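model-v2.txt (compact mmCIF, C-alpha atoms) appears below.
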# COMPACT_ATOMS: atom_id res chain seq x y z
CA MET V 1 0.00 0.00 0.00
CA SER V 2 1.44 3.37 -1.01
CA GLU V 3 1.82 6.03 1.66
CA LEU V 4 0.51 9.57 1.60
CA ASN V 5 2.49 12.55 2.78
CA ALA V 6 1.60 13.92 6.21
CA ILE V 7 -1.77 15.67 6.26
CA ARG V 8 -1.29 19.40 6.85
CA VAL V 9 -3.38 20.86 9.70
CA LEU V 10 -4.13 24.44 10.69
CA ILE V 11 -5.83 25.35 13.98
CA ALA V 12 -7.64 28.59 14.85
CA ASP V 13 -8.88 29.58 18.30
CA ASP V 14 -8.55 32.82 20.25
CA GLU V 15 -7.80 30.89 23.46
CA PRO V 16 -4.08 29.97 23.75
CA GLY V 17 -4.97 27.11 26.10
CA MET V 18 -7.29 25.50 23.55
CA ARG V 19 -4.68 25.83 20.80
CA MET V 20 -2.24 24.04 23.10
CA ILE V 21 -4.75 21.22 23.72
CA LEU V 22 -5.42 20.79 20.00
CA ARG V 23 -1.70 20.91 19.28
CA LYS V 24 -1.06 18.05 21.70
CA MET V 25 -3.98 16.00 20.40
CA ILE V 26 -2.86 16.33 16.78
CA ALA V 27 0.68 15.33 17.76
CA ARG V 28 -0.72 12.07 19.20
CA VAL V 29 -2.12 10.90 15.84
CA ASP V 30 0.21 9.52 13.16
CA GLY V 31 0.10 10.98 9.68
CA TYR V 32 -0.54 14.64 10.59
CA GLU V 33 1.62 17.75 10.56
CA LEU V 34 0.58 20.97 12.31
CA VAL V 35 1.59 23.77 9.95
CA GLY V 36 0.17 26.82 11.71
CA GLU V 37 -1.94 28.40 14.45
CA ALA V 38 -4.23 31.42 14.30
CA ALA V 39 -5.65 33.52 17.15
CA ASP V 40 -8.43 35.15 15.12
CA GLY V 41 -10.36 34.78 11.87
CA ALA V 42 -8.29 37.27 9.88
CA GLU V 43 -5.07 35.48 10.82
CA LEU V 44 -6.69 32.15 9.94
CA MET V 45 -7.52 33.31 6.42
CA GLU V 46 -4.03 34.74 5.90
CA LEU V 47 -2.42 31.48 7.03
CA PHE V 48 -4.85 29.44 4.96
CA GLU V 49 -3.94 31.35 1.79
CA ASN V 50 -0.22 30.92 2.45
CA LEU V 51 -0.11 27.37 3.83
CA ARG V 52 -3.06 25.68 2.10
CA PRO V 53 -3.74 23.10 4.84
CA GLN V 54 -5.82 20.03 4.13
CA VAL V 55 -7.56 20.08 7.53
CA VAL V 56 -8.64 23.13 9.56
CA PHE V 57 -9.77 23.09 13.20
CA LEU V 58 -11.63 26.33 13.94
CA ASP V 59 -13.73 27.90 16.65
CA VAL V 60 -16.99 29.66 15.81
CA ASP V 61 -16.67 32.71 18.05
CA MET V 62 -13.40 34.36 16.99
CA PRO V 63 -12.36 38.04 16.76
CA LYS V 64 -12.29 39.92 13.42
CA ILE V 65 -13.91 37.14 11.33
CA ASN V 66 -16.08 34.45 12.90
CA GLY V 67 -15.50 30.79 12.17
CA VAL V 68 -18.57 30.29 9.98
CA ALA V 69 -17.58 33.19 7.73
CA CYS V 70 -14.04 31.78 7.52
CA ALA V 71 -15.43 28.37 6.60
CA ASN V 72 -17.46 29.91 3.76
CA GLN V 73 -14.36 31.62 2.37
CA ILE V 74 -12.31 28.43 2.66
CA GLN V 75 -15.00 26.46 0.83
CA ASP V 76 -14.95 28.91 -2.06
CA VAL V 77 -11.18 28.46 -2.48
CA ASP V 78 -10.78 24.76 -1.68
CA PRO V 79 -13.97 22.71 -1.20
CA ASP V 80 -11.82 19.64 -0.46
CA CYS V 81 -10.40 21.19 2.71
CA VAL V 82 -11.70 19.31 5.75
CA LEU V 83 -13.35 21.63 8.28
CA ILE V 84 -13.68 20.62 11.93
CA PHE V 85 -15.42 23.03 14.29
CA ALA V 86 -14.22 22.94 17.90
CA THR V 87 -16.46 25.22 19.93
CA ALA V 88 -18.40 25.69 23.15
CA HIS V 89 -21.48 26.84 21.24
CA GLU V 90 -24.03 24.10 20.53
CA GLU V 91 -26.34 26.60 18.79
CA TYR V 92 -24.01 26.98 15.78
CA ARG V 93 -24.23 23.31 14.78
CA SER V 94 -26.72 24.05 11.97
CA ASP V 95 -24.41 26.78 10.64
CA ALA V 96 -21.56 24.26 10.56
CA PHE V 97 -23.83 21.85 8.69
CA ALA V 98 -24.50 24.59 6.13
CA VAL V 99 -20.79 24.82 5.30
CA TYR V 100 -20.41 21.01 5.25
CA ALA V 101 -18.13 20.64 8.24
CA PHE V 102 -16.62 17.19 8.65
CA ASP V 103 -17.25 17.24 12.40
CA TYR V 104 -18.51 19.48 15.20
CA LEU V 105 -16.69 19.09 18.51
CA LEU V 106 -18.26 20.62 21.60
CA LYS V 107 -15.85 21.86 24.27
CA PRO V 108 -14.75 20.28 26.48
CA PHE V 109 -14.21 17.28 24.19
CA LYS V 110 -12.31 14.10 24.89
CA MET V 111 -9.04 13.07 23.33
CA GLU V 112 -10.69 9.91 22.00
CA ARG V 113 -13.18 11.92 19.96
CA VAL V 114 -10.45 13.92 18.24
CA VAL V 115 -8.42 10.78 17.55
CA GLU V 116 -11.50 9.11 16.07
CA THR V 117 -12.15 12.06 13.76
CA LEU V 118 -8.53 12.34 12.59
CA THR V 119 -8.30 8.58 12.08
CA ARG V 120 -11.41 8.61 9.86
CA ILE V 121 -9.96 11.45 7.78
CA ARG V 122 -6.64 9.66 7.35
CA GLU V 123 -8.23 6.32 6.47
CA ARG V 124 -10.58 8.00 4.01
CA ARG V 125 -7.69 9.75 2.25
CA GLN V 126 -5.70 6.52 2.07
CA LEU V 127 -8.67 4.64 0.63
CA LEU V 128 -9.13 7.23 -2.11
CA HIS V 129 -5.39 7.34 -2.79
CA ASP V 130 -5.19 3.55 -3.21
CA ARG V 131 -8.24 3.07 -5.41
CA PRO V 132 -7.58 1.35 -8.75
CA VAL V 133 -7.07 3.42 -11.88
CA LEU V 134 -9.99 3.06 -14.27
CA THR V 135 -9.39 1.52 -17.68
CA GLN V 136 -10.18 3.46 -20.83
CA LYS V 137 -13.13 1.15 -21.49
CA GLU V 138 -14.54 1.81 -18.02
CA GLU V 139 -14.26 5.54 -18.62
CA GLN V 140 -16.13 5.53 -21.91
CA LEU V 141 -19.66 6.05 -20.67
CA ARG V 142 -21.57 8.02 -23.26
CA THR V 143 -25.13 9.24 -23.58
CA LYS V 144 -26.79 10.97 -26.49
CA PRO V 145 -25.13 14.29 -27.36
CA LEU V 146 -26.31 17.14 -25.16
CA GLY V 147 -25.15 20.04 -27.28
CA ARG V 148 -22.34 22.47 -26.63
CA MET V 149 -21.58 25.15 -24.10
CA MET V 150 -19.90 28.44 -24.99
CA LEU V 151 -17.56 29.39 -22.20
CA LYS V 152 -16.02 32.83 -21.96
CA HIS V 153 -12.74 33.24 -20.11
CA ARG V 154 -9.70 35.52 -19.97
CA ASP V 155 -8.08 33.85 -22.99
CA GLY V 156 -11.15 34.05 -25.21
CA VAL V 157 -13.99 31.61 -25.78
CA SER V 158 -14.11 27.80 -25.61
CA PHE V 159 -16.82 25.47 -26.88
CA ILE V 160 -17.32 22.36 -24.76
CA ASN V 161 -19.38 19.28 -25.58
CA MET V 162 -21.73 19.01 -22.62
CA ASP V 163 -21.70 15.22 -22.64
CA ASP V 164 -17.92 15.43 -22.06
CA ILE V 165 -18.39 17.38 -18.82
CA LEU V 166 -17.72 15.20 -15.77
CA LEU V 167 -17.59 17.63 -12.88
CA ILE V 168 -17.92 21.34 -12.21
CA GLN V 169 -16.66 22.85 -8.98
CA ARG V 170 -15.78 26.10 -7.25
CA GLU V 171 -12.03 26.37 -6.91
CA GLU V 172 -9.77 29.34 -6.19
CA ARG V 173 -12.84 31.62 -6.29
CA SER V 174 -13.55 30.54 -9.88
CA THR V 175 -15.77 27.91 -11.46
CA VAL V 176 -13.78 25.07 -13.04
CA ILE V 177 -15.22 22.60 -15.55
CA TYR V 178 -13.48 19.21 -15.82
CA THR V 179 -14.01 17.17 -18.98
CA ALA V 180 -13.46 13.57 -20.07
CA ASP V 181 -10.35 14.44 -22.08
CA GLY V 182 -8.59 15.57 -18.90
CA LYS V 183 -8.92 19.30 -19.55
CA ALA V 184 -10.02 21.95 -17.06
CA TYR V 185 -11.75 25.16 -18.11
CA SER V 186 -11.94 28.08 -15.69
CA THR V 187 -14.55 30.82 -15.79
CA SER V 188 -15.55 33.76 -13.64
CA ASP V 189 -19.21 32.69 -13.88
CA THR V 190 -20.70 31.54 -10.60
CA LEU V 191 -21.67 27.91 -10.13
CA THR V 192 -25.34 28.97 -10.24
CA GLU V 193 -24.84 30.80 -13.56
CA THR V 194 -23.10 27.73 -15.00
CA GLU V 195 -25.80 25.42 -13.67
CA ALA V 196 -28.45 27.41 -15.57
CA LYS V 197 -26.78 26.45 -18.88
CA LEU V 198 -26.90 22.70 -18.19
CA ASP V 199 -29.48 19.99 -18.77
CA PRO V 200 -31.06 19.35 -15.32
CA GLN V 201 -31.85 15.77 -16.29
CA VAL V 202 -28.12 15.04 -16.62
CA PHE V 203 -26.35 17.49 -14.29
CA PHE V 204 -27.01 17.58 -10.56
CA ARG V 205 -26.04 20.26 -8.01
CA CYS V 206 -24.96 17.94 -5.21
CA HIS V 207 -23.25 20.54 -3.00
CA ARG V 208 -22.77 24.29 -2.83
CA SER V 209 -19.37 23.78 -4.53
CA TYR V 210 -20.06 20.91 -6.95
CA ILE V 211 -22.17 19.90 -9.96
CA ILE V 212 -21.85 16.32 -11.22
CA ASN V 213 -22.80 14.45 -14.39
CA LEU V 214 -25.36 11.83 -13.26
CA ASN V 215 -24.32 9.47 -16.04
CA ARG V 216 -20.77 9.38 -14.70
CA ILE V 217 -21.41 8.41 -11.08
CA ARG V 218 -19.32 5.38 -10.14
CA ASP V 219 -20.10 5.08 -6.42
CA ILE V 220 -20.92 7.07 -3.30
CA THR V 221 -19.34 6.49 0.10
CA PRO V 222 -19.76 8.16 3.53
CA TYR V 223 -17.59 11.15 4.43
CA GLY V 224 -17.84 12.98 7.72
CA ARG V 225 -21.08 13.03 9.67
CA TRP V 226 -23.32 14.85 7.18
CA THR V 227 -21.77 14.34 3.75
CA TYR V 228 -20.71 11.68 1.24
CA ILE V 229 -18.04 11.43 -1.44
CA VAL V 230 -19.06 10.83 -5.07
CA ARG V 231 -16.56 9.08 -7.34
CA LEU V 232 -16.97 9.64 -11.06
CA ASP V 233 -15.89 7.60 -14.06
CA GLY V 234 -13.27 9.27 -16.22
CA THR V 235 -11.58 11.33 -13.52
CA GLU V 236 -9.70 10.88 -10.27
CA ARG V 237 -11.43 13.96 -8.85
CA ASP V 238 -14.19 13.51 -6.30
CA ALA V 239 -17.24 15.56 -5.40
CA LEU V 240 -19.02 16.01 -2.09
CA ILE V 241 -22.74 15.45 -1.70
CA THR V 242 -24.79 16.50 1.32
CA GLN V 243 -27.20 14.22 3.16
CA GLU V 244 -30.16 16.21 1.83
CA LYS V 245 -28.92 16.01 -1.75
CA TYR V 246 -28.10 12.32 -1.33
CA GLU V 247 -31.71 11.65 -0.40
CA GLU V 248 -32.83 13.69 -3.42
CA LEU V 249 -30.52 11.64 -5.62
CA GLU V 250 -32.00 8.41 -4.27
CA ARG V 251 -35.46 9.62 -5.27
CA LEU V 252 -34.25 10.42 -8.78
CA PHE V 253 -33.03 6.87 -9.29
CA GLN V 254 -36.10 5.14 -7.88

Could you render the structure as structure tokens?
Amino acid sequence: MSELNAIRVLIADDEPGMRMILRKMIARVDGYELVGEAADGAELMELFENLRPQVVFLDVDMPKINGVACANQIQDVDPDCVLIFATAHEEYRSDAFAVYAFDYLLKPFKMERVVETLTRIRERRQLLHDRPVLTQKEEQLRTKPLGRMMLKHRDGVSFINMDDILLIQREERSTVIYTADGKAYSTSDTLTETEAKLDPQVFFRCHRSYIINLNRIRDITPYGRWTYIVRLDGTERDALITQEKYEELERLFQ
């Protein structure tokens, strides 16, 4: 089994004592590297932009920018970043759900709970890393032609066959379209504006940051406490789907 590099973690809490506790807990779990600590939301966002961690522990009630607002900004840049809220405020759980947090830890939390969460993240990443590469035949799922999309971008205009589109996601504050030939097209259009150009019988908004081609779904597996991961044929990229959207998807296929 191949090994992944250490998972980069950033923690944000205005209480030095809580940062120390999280620091010690993370050090107890193999496969993780603490790359930075923030004492407020503004510092968190600056460190996030510079360090690009794969996991972020963050409090809700922080000076300058609160944790929920930070989580929204992080999602718009990197929807794959794992968000774990560590807070004393039970009432913000629904807000954490809205930004698809992987977990919601209520202070004071036990060491075992943090270890369990970090272990699930590590095992999930290893499972995805070790999955078999699809053959060309497996990738060649085709439906009737859906027409073409005209996409404007800084370099001009591209025309994309819609049936070649596998996945569309928000990334680096842009909307990126991934196609079956391995190309990626970036546009300043919002995900909602892009969604309006697509056939709703084929393309499904499964998450605030993702649209998937229904004909390309390979499998769906649990991820976190409120979300799932969607694997697609023809690409190694994954999408997230919320519990609510998963139930909607089940109804579509009944």

At most 12 Å from (-5.5, 28.3, 18.9), file frame, only C-alpha atoms: which residues, as a PDB file with C-alpha atoms, in the coordinates of the input?
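As written to disk, part.pdb reads:
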ATOM      1  CA  LEU V  10      -4.130  24.440  10.690  1.00  0.00           C
ATOM      2  CA  ILE V  11      -5.830  25.350  13.980  1.00  0.00           C
ATOM      3  CA  ALA V  12      -7.640  28.590  14.850  1.00  0.00           C
ATOM      4  CA  ASP V  13      -8.880  29.580  18.300  1.00  0.00           C
ATOM      5  CA  ASP V  14      -8.550  32.820  20.250  1.00  0.00           C
ATOM      6  CA  GLU V  15      -7.800  30.890  23.460  1.00  0.00           C
ATOM      7  CA  PRO V  16      -4.080  29.970  23.750  1.00  0.00           C
ATOM      8  CA  GLY V  17      -4.970  27.110  26.100  1.00  0.00           C
ATOM      9  CA  MET V  18      -7.290  25.500  23.550  1.00  0.00           C
ATOM     10  CA  ARG V  19      -4.680  25.830  20.800  1.00  0.00           C
ATOM     11  CA  MET V  20      -2.240  24.040  23.100  1.00  0.00           C
ATOM     12  CA  ILE V  21      -4.750  21.220  23.720  1.00  0.00           C
ATOM     13  CA  LEU V  22      -5.420  20.790  20.000  1.00  0.00           C
ATOM     14  CA  ARG V  23      -1.700  20.910  19.280  1.00  0.00           C
ATOM     15  CA  LYS V  24      -1.060  18.050  21.700  1.00  0.00           C
ATOM     16  CA  LEU V  34       0.580  20.970  12.310  1.00  0.00           C
ATOM     17  CA  GLY V  36       0.170  26.820  11.710  1.00  0.00           C
ATOM     18  CA  GLU V  37      -1.940  28.400  14.450  1.00  0.00           C
ATOM     19  CA  ALA V  38      -4.230  31.420  14.300  1.00  0.00           C
ATOM     20  CA  ALA V  39      -5.650  33.520  17.150  1.00  0.00           C
ATOM     21  CA  ASP V  40      -8.430  35.150  15.120  1.00  0.00           C
ATOM     22  CA  GLY V  41     -10.360  34.780  11.870  1.00  0.00           C
ATOM     23  CA  GLU V  43      -5.070  35.480  10.820  1.00  0.00           C
ATOM     24  CA  LEU V  44      -6.690  32.150   9.940  1.00  0.00           C
ATOM     25  CA  VAL V  56      -8.640  23.130   9.560  1.00  0.00           C
ATOM     26  CA  PHE V  57      -9.770  23.090  13.200  1.00  0.00           C
ATOM     27  CA  LEU V  58     -11.630  26.330  13.940  1.00  0.00           C
ATOM     28  CA  ASP V  59     -13.730  27.900  16.650  1.00  0.00           C
ATOM     29  CA  VAL V  60     -16.990  29.660  15.810  1.00  0.00           C
ATOM     30  CA  MET V  62     -13.400  34.360  16.990  1.00  0.00           C
ATOM     31  CA  ALA V  86     -14.220  22.940  17.900  1.00  0.00           C
ATOM     32  CA  THR V  87     -16.460  25.220  19.930  1.00  0.00           C
TER      33      THR V  87
END

Between atom CA of Ala42 of chain V and atom CA of Asp238 of chain V, distance in Å (one decimal)
29.3 Å

Tell me which protein, DNA and RNA residues are within 10 Å of Ile74 of chain V, counting all atoms listed in the file, leaving out same-chain ones fewer than 3 positions away, and put them as a PyMOL selection string.
chain V and resi 44-45+48-49+52+56+68-71+77-83+99+171-173

Between atom CA of Asn215 of chain V and atom CA of Asp164 of chain V - distance in Å to one decimal
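According to the coordinates, atom CA of Asp164 of chain V and atom CA of Asn215 of chain V are separated by 10.6 Å.
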
Just the residues within 8 Å of Glu33 of chain V, please, counting all atoms listed in the file, with nothing from its chain fewer than 2 positions along; format it as a ChimeraX atom specification.
/V:6-9,26-27,31,35

Just how far from atom CA of Leu198 of chain V is atom CA of Met149 of chain V, in Å to one decimal?
8.3 Å
